[in-house]
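File shown: run17.cif (mmCIF, C-alpha atoms).
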data_protein
#
loop_
_atom_site.group_PDB
_atom_site.id
_atom_site.type_symbol
_atom_site.label_atom_id
_atom_site.label_comp_id
_atom_site.auth_asym_id
_atom_site.auth_seq_id
_atom_site.Cartn_x
_atom_site.Cartn_y
_atom_site.Cartn_z
ATOM 1 C CA MET A 277 -10.271 58.213 159.676
ATOM 2 C CA ILE A 278 -7.586 60.096 157.754
ATOM 3 C CA THR A 279 -4.698 61.448 159.805
ATOM 4 C CA GLY A 280 -2.510 64.407 158.912
ATOM 5 C CA PRO A 281 0.700 62.433 158.289
ATOM 6 C CA THR A 282 -1.167 59.864 156.141
ATOM 7 C CA TRP A 283 -2.854 62.505 153.998
ATOM 8 C CA SER A 284 0.385 64.443 153.676
ATOM 9 C CA GLN A 285 2.425 61.403 152.694
ATOM 10 C CA LYS A 286 0.121 60.225 149.902
ATOM 11 C CA LEU A 287 0.191 63.685 148.318
ATOM 12 C CA ARG A 288 3.949 64.015 148.793
ATOM 13 C CA ASP A 289 4.537 60.610 147.175
ATOM 14 C CA GLU A 290 2.469 61.542 144.129
ATOM 15 C CA ILE A 291 4.011 65.008 143.747
ATOM 16 C CA GLY A 292 7.448 63.410 144.209
ATOM 17 C CA LYS A 293 6.971 61.609 140.883
ATOM 18 C CA ALA A 294 7.411 64.971 139.158
ATOM 19 C CA VAL A 295 9.245 67.185 141.680
ATOM 20 C CA ILE A 296 12.443 66.200 143.466
ATOM 21 C CA GLY A 297 13.115 67.833 146.834
ATOM 22 C CA GLN A 298 11.384 71.060 147.980
ATOM 23 C CA ASP A 299 9.971 69.170 150.982
ATOM 24 C CA ALA A 300 9.515 72.289 153.123
ATOM 25 C CA VAL A 301 7.735 74.154 150.303
ATOM 26 C CA ILE A 302 5.416 71.202 149.638
ATOM 27 C CA GLU A 303 4.505 71.023 153.328
ATOM 28 C CA ARG A 304 3.662 74.731 153.349
ATOM 29 C CA LEU A 305 1.458 74.290 150.272
ATOM 30 C CA LEU A 306 -0.456 71.531 152.052
ATOM 31 C CA VAL A 307 -0.803 73.771 155.114
ATOM 32 C CA ALA A 308 -2.240 76.498 152.882
ATOM 33 C CA LEU A 309 -4.787 74.047 151.454
ATOM 34 C CA LEU A 310 -5.935 73.108 154.944
ATOM 35 C CA ALA A 311 -5.985 76.729 156.143
ATOM 36 C CA ASN A 312 -7.907 77.946 153.072
ATOM 37 C CA GLY A 313 -5.134 80.341 152.111
ATOM 38 C CA HIS A 314 -3.397 81.543 148.957
ATOM 39 C CA VAL A 315 0.341 81.233 148.327
ATOM 40 C CA LEU A 316 2.954 83.383 146.591
ATOM 41 C CA LEU A 317 6.098 81.531 145.477
ATOM 42 C CA GLU A 318 9.239 83.476 144.689
ATOM 43 C CA GLY A 319 12.328 81.951 143.127
ATOM 44 C CA MET A 320 14.730 81.979 140.209
ATOM 45 C CA PRO A 321 13.590 80.631 136.832
ATOM 46 C CA GLY A 322 13.840 76.879 136.364
ATOM 47 C CA LEU A 323 13.196 75.846 139.969
ATOM 48 C CA ALA A 324 9.960 73.986 139.124
ATOM 49 C CA LYS A 325 7.585 76.477 140.753
ATOM 50 C CA THR A 326 4.991 76.051 138.002
ATOM 51 C CA LEU A 327 5.508 72.288 137.833
ATOM 52 C CA LEU A 328 5.099 72.018 141.600
ATOM 53 C CA ILE A 329 1.734 73.810 141.617
ATOM 54 C CA LYS A 330 0.473 71.921 138.572
ATOM 55 C CA SER A 331 1.508 68.614 140.180
ATOM 56 C CA LEU A 332 -0.277 69.588 143.380
ATOM 57 C CA GLY A 333 -3.481 70.249 141.448
ATOM 58 C CA THR A 334 -3.251 66.876 139.701
ATOM 59 C CA ALA A 335 -2.535 64.957 142.911
ATOM 60 C CA LEU A 336 -5.341 66.762 144.712
ATOM 61 C CA GLY A 337 -7.795 65.836 141.963
ATOM 62 C CA VAL A 338 -9.252 69.340 141.491
ATOM 63 C CA GLN A 339 -9.851 71.542 138.460
ATOM 64 C CA PHE A 340 -6.646 73.394 137.594
ATOM 65 C CA GLU A 341 -6.212 76.510 135.439
ATOM 66 C CA ARG A 342 -3.051 78.402 134.560
ATOM 67 C CA ILE A 343 -3.053 82.120 133.741
ATOM 68 C CA GLN A 344 0.144 83.456 132.206
ATOM 69 C CA PHE A 345 0.393 87.079 133.339
ATOM 70 C CA THR A 346 1.745 89.419 130.656
ATOM 71 C CA PRO A 347 1.828 93.237 130.281
ATOM 72 C CA ASP A 348 -1.030 93.159 127.740
ATOM 73 C CA LEU A 349 -3.334 90.977 129.851
ATOM 74 C CA LEU A 350 -6.776 92.452 130.629
ATOM 75 C CA PRO A 351 -8.952 91.939 133.733
ATOM 76 C CA SER A 352 -11.576 90.279 131.531
ATOM 77 C CA ASP A 353 -8.962 87.685 130.522
ATOM 78 C CA VAL A 354 -8.883 86.624 134.171
ATOM 79 C CA VAL A 355 -12.445 86.891 135.506
ATOM 80 C CA GLY A 356 -14.449 86.806 132.271
ATOM 81 C CA THR A 357 -16.783 89.214 130.497
ATOM 82 C CA MET A 358 -20.283 89.666 129.110
ATOM 83 C CA VAL A 359 -20.772 88.259 125.591
ATOM 84 C CA PHE A 360 -23.465 89.539 123.209
ATOM 85 C CA SER A 361 -25.824 86.893 121.827
ATOM 86 C CA PRO A 362 -27.245 87.825 118.358
ATOM 87 C CA LYS A 363 -30.081 85.297 118.728
ATOM 88 C CA ASP A 364 -31.892 86.998 121.591
ATOM 89 C CA GLY A 365 -30.086 90.347 121.620
ATOM 90 C CA GLY A 366 -28.961 89.844 125.216
ATOM 91 C CA PHE A 367 -25.688 89.453 127.054
ATOM 92 C CA THR A 368 -24.541 86.277 128.793
ATOM 93 C CA PRO A 369 -21.562 85.960 131.150
ATOM 94 C CA HIS A 370 -18.490 84.194 129.802
ATOM 95 C CA ARG A 371 -16.530 82.846 132.737
ATOM 96 C CA GLY A 372 -12.784 83.269 132.760
ATOM 97 C CA PRO A 373 -10.084 80.851 133.979
ATOM 98 C CA ILE A 374 -10.517 82.135 137.546
ATOM 99 C CA PHE A 375 -13.472 79.724 137.833
ATOM 100 C CA ALA A 376 -11.379 76.745 138.907
ATOM 101 C CA ASN A 377 -10.410 75.130 142.195
ATOM 102 C CA LEU A 378 -6.691 75.820 141.864
ATOM 103 C CA VAL A 379 -5.593 78.828 139.821
ATOM 104 C CA LEU A 380 -1.932 79.348 138.966
ATOM 105 C CA ALA A 381 -1.119 83.025 138.406
ATOM 106 C CA ASP A 382 2.206 82.506 136.648
ATOM 107 C CA GLU A 383 4.656 85.437 136.842
ATOM 108 C CA ILE A 384 1.987 87.546 138.503
ATOM 109 C CA ASN A 385 4.232 90.622 138.659
ATOM 110 C CA ARG A 386 4.365 90.891 134.851
ATOM 111 C CA ALA A 387 0.840 92.316 134.613
ATOM 112 C CA PRO A 388 -0.130 95.893 135.580
ATOM 113 C CA ALA A 389 -2.042 96.743 138.742
ATOM 114 C CA LYS A 390 -5.465 96.784 137.069
ATOM 115 C CA VAL A 391 -5.065 93.098 136.183
ATOM 116 C CA GLN A 392 -3.621 92.142 139.561
ATOM 117 C CA SER A 393 -6.543 93.890 141.257
ATOM 118 C CA ALA A 394 -8.955 91.659 139.318
ATOM 119 C CA LEU A 395 -7.869 88.898 141.692
ATOM 120 C CA LEU A 396 -8.684 90.818 144.876
ATOM 121 C CA GLU A 397 -12.401 90.024 145.048
ATOM 122 C CA ALA A 398 -11.775 86.395 144.118
ATOM 123 C CA MET A 399 -9.051 85.934 146.728
ATOM 124 C CA GLN A 400 -10.894 87.628 149.561
ATOM 125 C CA GLU A 401 -14.583 86.923 148.920
ATOM 126 C CA ARG A 402 -14.335 83.744 146.807
ATOM 127 C CA GLN A 403 -16.631 85.362 144.258
ATOM 128 C CA VAL A 404 -16.430 87.319 140.998
ATOM 129 C CA THR A 405 -18.629 90.147 139.730
ATOM 130 C CA ILE A 406 -19.305 90.148 135.975
ATOM 131 C CA GLY A 407 -21.731 92.612 134.409
ATOM 132 C CA GLY A 408 -23.156 93.599 137.775
ATOM 133 C CA HIS A 409 -23.918 90.011 138.803
ATOM 134 C CA THR A 410 -21.998 88.105 141.462
ATOM 135 C CA HIS A 411 -20.884 84.561 140.718
ATOM 136 C CA PRO A 412 -19.546 82.301 143.498
ATOM 137 C CA LEU A 413 -16.293 80.489 142.815
ATOM 138 C CA PRO A 414 -15.929 76.706 143.202
ATOM 139 C CA ARG A 415 -15.052 75.228 146.573
ATOM 140 C CA PRO A 416 -12.278 74.760 147.437
ATOM 141 C CA PHE A 417 -10.641 77.750 145.736
ATOM 142 C CA PHE A 418 -6.978 78.756 145.849
ATOM 143 C CA VAL A 419 -4.708 81.194 144.044
ATOM 144 C CA MET A 420 -1.068 80.177 143.865
ATOM 145 C CA ALA A 421 1.149 82.756 142.212
ATOM 146 C CA THR A 422 4.784 82.777 141.119
ATOM 147 C CA GLN A 423 7.197 85.634 140.593
ATOM 148 C CA ASN A 424 10.839 86.128 139.654
ATOM 149 C CA PRO A 425 12.868 88.053 142.297
ATOM 150 C CA VAL A 426 15.698 89.287 140.069
ATOM 151 C CA GLU A 427 14.357 90.315 136.675
ATOM 152 C CA GLN A 428 12.817 93.773 137.053
ATOM 153 C CA GLU A 429 12.397 94.848 133.416
ATOM 154 C CA GLY A 430 8.737 94.687 132.429
ATOM 155 C CA THR A 431 7.503 93.846 135.927
ATOM 156 C CA TYR A 432 5.101 95.619 138.262
ATOM 157 C CA PRO A 433 5.381 95.419 142.073
ATOM 158 C CA LEU A 434 2.388 93.787 143.723
ATOM 159 C CA PRO A 435 0.185 96.205 145.700
ATOM 160 C CA GLU A 436 0.420 95.766 149.474
ATOM 161 C CA ALA A 437 -3.352 95.137 149.591
ATOM 162 C CA GLN A 438 -2.855 92.100 147.376
ATOM 163 C CA THR A 439 0.268 90.650 148.983
ATOM 164 C CA ASP A 440 -1.490 90.840 152.353
ATOM 165 C CA ARG A 441 -4.128 88.436 151.027
ATOM 166 C CA PHE A 442 -1.561 85.689 150.475
ATOM 167 C CA LEU A 443 -1.315 83.378 153.463
ATOM 168 C CA PHE A 444 2.335 82.575 152.707
ATOM 169 C CA LYS A 445 5.178 83.984 150.700
ATOM 170 C CA LEU A 446 7.497 81.035 150.091
ATOM 171 C CA ILE A 447 11.095 81.286 148.892
ATOM 172 C CA VAL A 448 11.972 78.472 146.479
ATOM 173 C CA ASP A 449 15.695 77.740 146.557
ATOM 174 C CA TYR A 450 18.053 75.689 144.404
ATOM 175 C CA PRO A 451 18.048 71.891 144.892
ATOM 176 C CA SER A 452 20.954 70.121 146.546
ATOM 177 C CA ILE A 453 23.584 68.391 144.408
ATOM 178 C CA GLU A 454 22.064 64.999 145.272
ATOM 179 C CA GLU A 455 18.570 66.117 144.258
ATOM 180 C CA GLU A 456 19.797 67.647 141.005
ATOM 181 C CA SER A 457 21.678 64.437 140.222
ATOM 182 C CA ILE A 458 18.487 62.401 140.731
ATOM 183 C CA MET A 459 16.659 64.763 138.332
ATOM 184 C CA MET A 460 19.251 64.124 135.626
ATOM 185 C CA GLN A 461 19.046 60.353 136.068
ATOM 186 C CA ARG A 462 15.251 60.247 136.173
ATOM 187 C CA TRP A 463 14.410 62.691 133.374
ATOM 188 C CA GLY A 464 17.545 62.776 131.282
ATOM 189 C CA GLN A 465 15.662 61.106 128.445
ATOM 190 C CA VAL A 466 13.328 63.373 126.490
ATOM 191 C CA THR A 467 10.685 60.660 126.135
ATOM 192 C CA ARG A 468 10.544 59.989 129.885
ATOM 193 C CA GLN A 469 8.070 62.394 131.439
ATOM 194 C CA PRO A 470 6.361 61.937 134.829
ATOM 195 C CA ALA A 471 2.712 60.860 134.833
ATOM 196 C CA LEU A 472 0.666 61.787 137.909
ATOM 197 C CA GLY A 473 -2.797 60.780 139.073
ATOM 198 C CA ALA A 474 -5.339 62.004 141.596
ATOM 199 C CA VAL A 475 -4.892 60.578 145.109
ATOM 200 C CA ALA A 476 -7.318 62.958 146.870
ATOM 201 C CA ASN A 477 -10.259 65.212 146.039
ATOM 202 C CA GLY A 478 -11.736 68.568 146.936
ATOM 203 C CA ASP A 479 -14.560 67.188 149.058
ATOM 204 C CA GLU A 480 -12.060 65.269 151.177
ATOM 205 C CA LEU A 481 -10.050 68.465 151.713
ATOM 206 C CA LEU A 482 -13.148 70.362 152.870
ATOM 207 C CA GLU A 483 -13.922 67.594 155.373
ATOM 208 C CA LEU A 484 -10.359 67.565 156.706
ATOM 209 C CA ARG A 485 -10.637 71.239 157.615
ATOM 210 C CA THR A 486 -13.101 70.290 160.352
ATOM 211 C CA ASP A 487 -10.334 68.162 161.903
ATOM 212 C CA VAL A 488 -7.946 71.116 161.701
ATOM 213 C CA ASP A 489 -10.477 73.275 163.574
ATOM 214 C CA LYS A 490 -10.347 70.784 166.461
ATOM 215 C CA VAL A 491 -6.619 71.322 167.045
ATOM 216 C CA HIS A 492 -6.165 73.013 170.419
ATOM 217 C CA LEU A 493 -4.458 76.397 170.589
ATOM 218 C CA SER A 494 -4.008 77.581 174.175
ATOM 219 C CA PRO A 495 -4.529 81.188 175.325
ATOM 220 C CA ALA A 496 -0.804 81.413 176.038
ATOM 221 C CA VAL A 497 0.116 80.487 172.472
ATOM 222 C CA GLN A 498 -2.541 82.850 171.148
ATOM 223 C CA ALA A 499 -0.976 85.650 173.196
ATOM 224 C CA TYR A 500 2.427 84.648 171.792
ATOM 225 C CA ILE A 501 1.107 84.994 168.223
ATOM 226 C CA LEU A 502 -0.220 88.449 169.016
ATOM 227 C CA ALA A 503 3.088 89.429 170.619
ATOM 228 C CA LEU A 504 5.038 88.429 167.505
ATOM 229 C CA VAL A 505 2.767 90.325 165.141
ATOM 230 C CA ARG A 506 2.587 93.440 167.299
ATOM 231 C CA ALA A 507 6.375 93.425 167.695
ATOM 232 C CA THR A 508 6.685 94.089 163.954
ATOM 233 C CA ARG A 509 4.504 97.170 164.411
ATOM 234 C CA ASP A 510 6.737 98.337 167.262
ATOM 235 C CA LEU A 511 9.740 98.122 164.918
ATOM 236 C CA ALA A 512 7.911 100.384 162.474
ATOM 237 C CA ALA A 513 7.081 103.003 165.117
ATOM 238 C CA PRO A 514 9.295 106.141 164.944
ATOM 239 C CA VAL A 515 11.669 106.487 167.902
ATOM 240 C CA ALA A 516 13.826 109.597 168.365
ATOM 241 C CA GLY A 517 17.514 108.913 167.799
ATOM 242 C CA LYS A 518 16.957 105.347 166.628
ATOM 243 C CA LYS A 519 17.054 103.925 163.119
ATOM 244 C CA ARG A 520 13.798 102.587 161.810
ATOM 245 C CA TYR A 521 14.102 99.510 159.597
ATOM 246 C CA LEU A 522 10.398 98.842 158.958
ATOM 247 C CA SER A 523 8.076 101.368 157.340
ATOM 248 C CA PHE A 524 5.004 99.386 158.423
ATOM 249 C CA GLY A 525 4.302 96.274 160.473
ATOM 250 C CA ALA A 526 2.079 93.263 159.909
ATOM 251 C CA SER A 527 -1.700 93.673 159.675
ATOM 252 C CA PRO A 528 -4.337 91.786 161.705
ATOM 253 C CA ARG A 529 -4.498 89.339 158.782
ATOM 254 C CA ALA A 530 -1.053 88.184 159.923
ATOM 255 C CA SER A 531 -2.450 87.234 163.343
ATOM 256 C CA LEU A 532 -5.277 85.266 161.745
ATOM 257 C CA ALA A 533 -2.890 83.640 159.270
ATOM 258 C CA LEU A 534 -0.487 82.533 162.020
ATOM 259 C CA TYR A 535 -3.400 81.201 164.072
ATOM 260 C CA GLN A 536 -4.869 79.180 161.199
ATOM 261 C CA ALA A 537 -1.587 78.027 159.671
ATOM 262 C CA ALA A 538 -0.143 76.870 163.009
ATOM 263 C CA ARG A 539 -3.198 74.676 163.630
ATOM 264 C CA ALA A 540 -2.999 73.224 160.113
ATOM 265 C CA LEU A 541 0.726 72.507 160.510
ATOM 266 C CA ALA A 542 0.115 70.799 163.849
ATOM 267 C CA TRP A 543 -2.616 68.577 162.351
ATOM 268 C CA LEU A 544 -0.434 67.760 159.355
ATOM 269 C CA ARG A 545 2.260 66.477 161.715
ATOM 270 C CA GLY A 546 -0.145 64.410 163.796
ATOM 271 C CA LEU A 547 -0.464 66.758 166.776
ATOM 272 C CA ASP A 548 -3.705 67.812 168.431
ATOM 273 C CA TYR A 549 -2.280 71.038 169.892
ATOM 274 C CA VAL A 550 -0.111 73.965 168.755
ATOM 275 C CA THR A 551 3.307 74.566 170.283
ATOM 276 C CA PRO A 552 5.285 77.847 170.256
ATOM 277 C CA GLY A 553 7.895 76.029 168.157
ATOM 278 C CA LEU A 554 5.388 75.514 165.341
ATOM 279 C CA VAL A 555 4.472 79.199 165.458
ATOM 280 C CA GLN A 556 8.157 80.179 165.259
ATOM 281 C CA GLU A 557 8.718 77.805 162.355
ATOM 282 C CA ILE A 558 5.891 79.162 160.233
ATOM 283 C CA ALA A 559 6.167 82.849 161.223
ATOM 284 C CA PRO A 560 8.685 83.907 158.498
ATOM 285 C CA ASP A 561 6.457 82.557 155.704
ATOM 286 C CA VAL A 562 3.457 84.427 157.138
ATOM 287 C CA LEU A 563 5.208 87.721 157.920
ATOM 288 C CA ARG A 564 7.907 88.337 155.274
ATOM 289 C CA HIS A 565 5.489 89.857 152.735
ATOM 290 C CA ARG A 566 3.416 91.742 155.308
ATOM 291 C CA VAL A 567 6.112 94.145 156.503
ATOM 292 C CA GLY A 568 7.820 96.939 154.571
ATOM 293 C CA LEU A 569 11.518 97.738 154.659
ATOM 294 C CA THR A 570 12.733 101.339 154.955
ATOM 295 C CA TYR A 571 15.438 102.848 152.747
ATOM 296 C CA GLU A 572 17.879 102.515 155.670
ATOM 297 C CA ALA A 573 17.280 98.767 155.850
ATOM 298 C CA GLU A 574 17.719 98.317 152.115
ATOM 299 C CA ALA A 575 20.897 100.418 152.149
ATOM 300 C CA GLU A 576 22.345 98.237 154.912
ATOM 301 C CA GLU A 577 21.151 95.071 153.083
ATOM 302 C CA ILE A 578 18.928 94.046 155.979
ATOM 303 C CA THR A 579 16.205 91.643 154.852
ATOM 304 C CA THR A 580 12.715 91.065 156.215
ATOM 305 C CA ASP A 581 13.728 87.537 157.230
ATOM 306 C CA HIS A 582 16.561 89.000 159.322
ATOM 307 C CA LEU A 583 14.205 91.356 161.140
ATOM 308 C CA ILE A 584 11.598 88.625 161.672
ATOM 309 C CA ALA A 585 14.311 86.401 163.154
ATOM 310 C CA GLN A 586 15.147 89.226 165.587
ATOM 311 C CA VAL A 587 11.488 89.557 166.557
ATOM 312 C CA ILE A 588 11.236 85.816 167.229
ATOM 313 C CA GLU A 589 14.445 85.849 169.256
ATOM 314 C CA LYS A 590 13.422 88.804 171.452
ATOM 315 C CA THR A 591 9.771 87.868 172.037
ATOM 316 C CA PRO A 592 9.348 85.832 175.276
ATOM 317 C CA VAL A 593 8.206 82.269 174.653
ATOM 318 C CA PRO A 594 5.330 81.028 176.819
ATOM 319 C CA GLU A 595 6.163 78.160 179.165
ATOM 320 C CA ALA A 596 4.669 74.727 178.576
#

In structure tokens, what does this structure look like?
Amino acid sequence: MITGPTWSQKLRDEIGKAVIGQDAVIERLLVALLANGHVLLEGMPGLAKTLLIKSLGTALGVQFERIQFTPDLLPSDVVGTMVFSPKDGGFTPHRGPIFANLVLADEINRAPAKVQSALLEAMQERQVTIGGHTHPLPRPFFVMATQNPVEQEGTYPLPEAQTDRFLFKLIVDYPSIEEESIMMQRWGQVTRQPALGAVANGDELLELRTDVDKVHLSPAVQAYILALVRATRDLAAPVAGKKRYLSFGASPRASLALYQAARALAWLRGLDYVTPGLVQEIAPDVLRHRVGLTYEAEAEEITTDHLIAQVIEKTPVPEA
């Protein structure tokens, strides 16, 4: 029987051949795999976001496709289109790169809304409609997208309907000086490139989800999850004489995401129950892209993470 720590460690060891550090981000990616969720990674250029996702796909042993989002990309470049066949005079569907287990939407905010919206059906329904016919996507199926937080020229903000469909929004930060030093020593030579292999497979992942479903989540912790999510909506409610820092709070998808992700995180760490501490730990990654800042908050340089930290601090924690 495979345990969470064992499964996590073998994937971490393989990914570690190509990516140094980013332990917290890697753990969240594994949680997303177990919780059947998509991930949005945000970070400066050169922080190995693309390499991390590609390495994850290789270690997981699933079909991987990369889509480079550009301003001239078309929806048919993502999902596919109908192709005319001169032999029989009919049309046959040509499947796009979305038909893979792990799809990397690289620099997703560089394509206009019509292209971004091509992902909505795939992300939510795990299916694609081409020429009036619905085609199921492979199982498992994940979208992992990257975006640059600073360069705004030639970018398009993601619609709220799409960001809400990402289980996590992860912030990828710079490596420590020790980690960057190891990178230089390990890959300072041009001819030395990391070679990864598959240490898991998609069928194994689907089976492990049944173990995640067995993780106990008490009614008290469930009520705590609801309290956290609903507190963000309270912050967005207009109150006379009081500044409002959120224009809208988290949707019910946030409650489901916290519920599923907390169970997956508990299983990954070898626990058979969810604690309030695990919920607090994973809440920022679930909520930061599901709330909207007001102009007052942006003017005072108040971030979503700051407001989420306030919500966590003020929400009563259930007793053991």

List the spatial neighbours of stretch 343-348 of chain A as a ChimeraX atom specification - criterion: any atom at most 6 Å away, only C-alpha atoms, same-chain residues fewer than 6 positions off excluded.
/A:381-384,386-387

Write out as a PDB file with C-alpha atoms, in the coordinates of the input which residues come within 12 Å of A:Glu436 when counting all atoms listed in the file, dropping same-chain ones fewer than 5 positions away.
ATOM      1  CA  ALA A 389      -2.042  96.743 138.742  1.00  0.00           C
ATOM      2  CA  GLN A 392      -3.621  92.142 139.561  1.00  0.00           C
ATOM      3  CA  SER A 393      -6.543  93.890 141.257  1.00  0.00           C
ATOM      4  CA  LEU A 396      -8.684  90.818 144.876  1.00  0.00           C
ATOM      5  CA  ARG A 441      -4.128  88.436 151.027  1.00  0.00           C
ATOM      6  CA  PHE A 442      -1.561  85.689 150.475  1.00  0.00           C
ATOM      7  CA  PHE A 524       5.004  99.386 158.423  1.00  0.00           C
ATOM      8  CA  GLY A 525       4.302  96.274 160.473  1.00  0.00           C
ATOM      9  CA  ALA A 526       2.079  93.263 159.909  1.00  0.00           C
ATOM     10  CA  SER A 527      -1.700  93.673 159.675  1.00  0.00           C
ATOM     11  CA  HIS A 565       5.489  89.857 152.735  1.00  0.00           C
ATOM     12  CA  ARG A 566       3.416  91.742 155.308  1.00  0.00           C
ATOM     13  CA  VAL A 567       6.112  94.145 156.503  1.00  0.00           C
ATOM     14  CA  GLY A 568       7.820  96.939 154.571  1.00  0.00           C
TER      15      GLY A 568
END

What does the distance between atom CA of A:Arg468 and atom CA of A:Ser331 come to in Å, to one decimal place?
16.2 Å

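Running the PyMOL selection byres ((chain A and resi 490) around 12) on this file leaves A:Leu484, A:Arg485, A:Thr486, A:Asp487, A:Val488, A:Asp489, A:Val491, A:His492, A:Leu493, A:Gln536, A:Arg539, A:Ala540, A:Ala542, A:Trp543, A:Leu547, A:Asp548, A:Tyr549, A:Val550 selected.
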
Just write the chosen residues, C-alpha atoms, as a PDB file, keeping the file's coordinate frame.
ATOM      1  CA  LEU A 484     -10.359  67.565 156.706  1.00  0.00           C
ATOM      2  CA  ARG A 485     -10.637  71.239 157.615  1.00  0.00           C
ATOM      3  CA  THR A 486     -13.101  70.290 160.352  1.00  0.00           C
ATOM      4  CA  ASP A 487     -10.334  68.162 161.903  1.00  0.00           C
ATOM      5  CA  VAL A 488      -7.946  71.116 161.701  1.00  0.00           C
ATOM      6  CA  ASP A 489     -10.477  73.275 163.574  1.00  0.00           C
ATOM      7  CA  VAL A 491      -6.619  71.322 167.045  1.00  0.00           C
ATOM      8  CA  HIS A 492      -6.165  73.013 170.419  1.00  0.00           C
ATOM      9  CA  LEU A 493      -4.458  76.397 170.589  1.00  0.00           C
ATOM     10  CA  GLN A 536      -4.869  79.180 161.199  1.00  0.00           C
ATOM     11  CA  ARG A 539      -3.198  74.676 163.630  1.00  0.00           C
ATOM     12  CA  ALA A 540      -2.999  73.224 160.113  1.00  0.00           C
ATOM     13  CA  ALA A 542       0.115  70.799 163.849  1.00  0.00           C
ATOM     14  CA  TRP A 543      -2.616  68.577 162.351  1.00  0.00           C
ATOM     15  CA  LEU A 547      -0.464  66.758 166.776  1.00  0.00           C
ATOM     16  CA  ASP A 548      -3.705  67.812 168.431  1.00  0.00           C
ATOM     17  CA  TYR A 549      -2.280  71.038 169.892  1.00  0.00           C
ATOM     18  CA  VAL A 550      -0.111  73.965 168.755  1.00  0.00           C
TER      19      VAL A 550
END

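The space separating atom CA of A:Leu446 from atom CA of A:Leu317 comes to 4.8 Å.
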
In Å, with one decimal, what is the gap from atom CA of A:Ile278 to atom CA of A:Glu483?
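Computing it gives 10.1 Å between the two atoms.
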
Suppose a student applies the PyMOL selection byres ((chain A and resi 452) around 12) to this structure; what residues should they get, written as a list in words?
Ile296, Gly297, Gln298, Asp299, Leu323, Asp449, Tyr450, Pro451, Ile453, Glu454, Glu455, Glu456, Ser457, Ile458 and Met459 of chain A

Counting all atoms listed in the file, which residue out of A:Asp364, A:Asp479, A:Glu318, A:Asp561 sits closest to A:Asn424?
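The closest residue to A:Asn424 is A:Glu318.
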
Can you give me, as a PyMOL selection string, the residues this file yields under the PyMOL selection byres ((chain A and resi 587) around 9)?
chain A and resi 504-505+507-508+511+582-586+588-591

Nearest to A:Glu480: which of A:Tyr521, A:Pro281, A:Val338, A:Arg288 is it, counting all atoms listed in the file?
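For A:Glu480, the nearest of the given residues is A:Val338.
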
For a quick check of understanding, using all atoms listed in the file, which of A:Asn312, A:Thr334, A:Thr282, A:Thr405 has the smallest distance to A:Leu472?
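Closest residue, counting all atoms listed in the file: A:Thr334.
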
Residues within 12 Å of A:Glu595, please, as a ChimeraX atom specification. Count all atoms listed in the file; anything in the same chain fewer than 5 positions from it doesn't count.
/A:494-497,499-500,551-553

Let me make sure I understand: among A:Asn477, A:Ser531, A:Thr570, A:Thr580, which one has the smallest atom-to-atom distance to A:Ala335 if we use only C-alpha atoms?
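Smallest separation from A:Ala335 among the options: A:Asn477.
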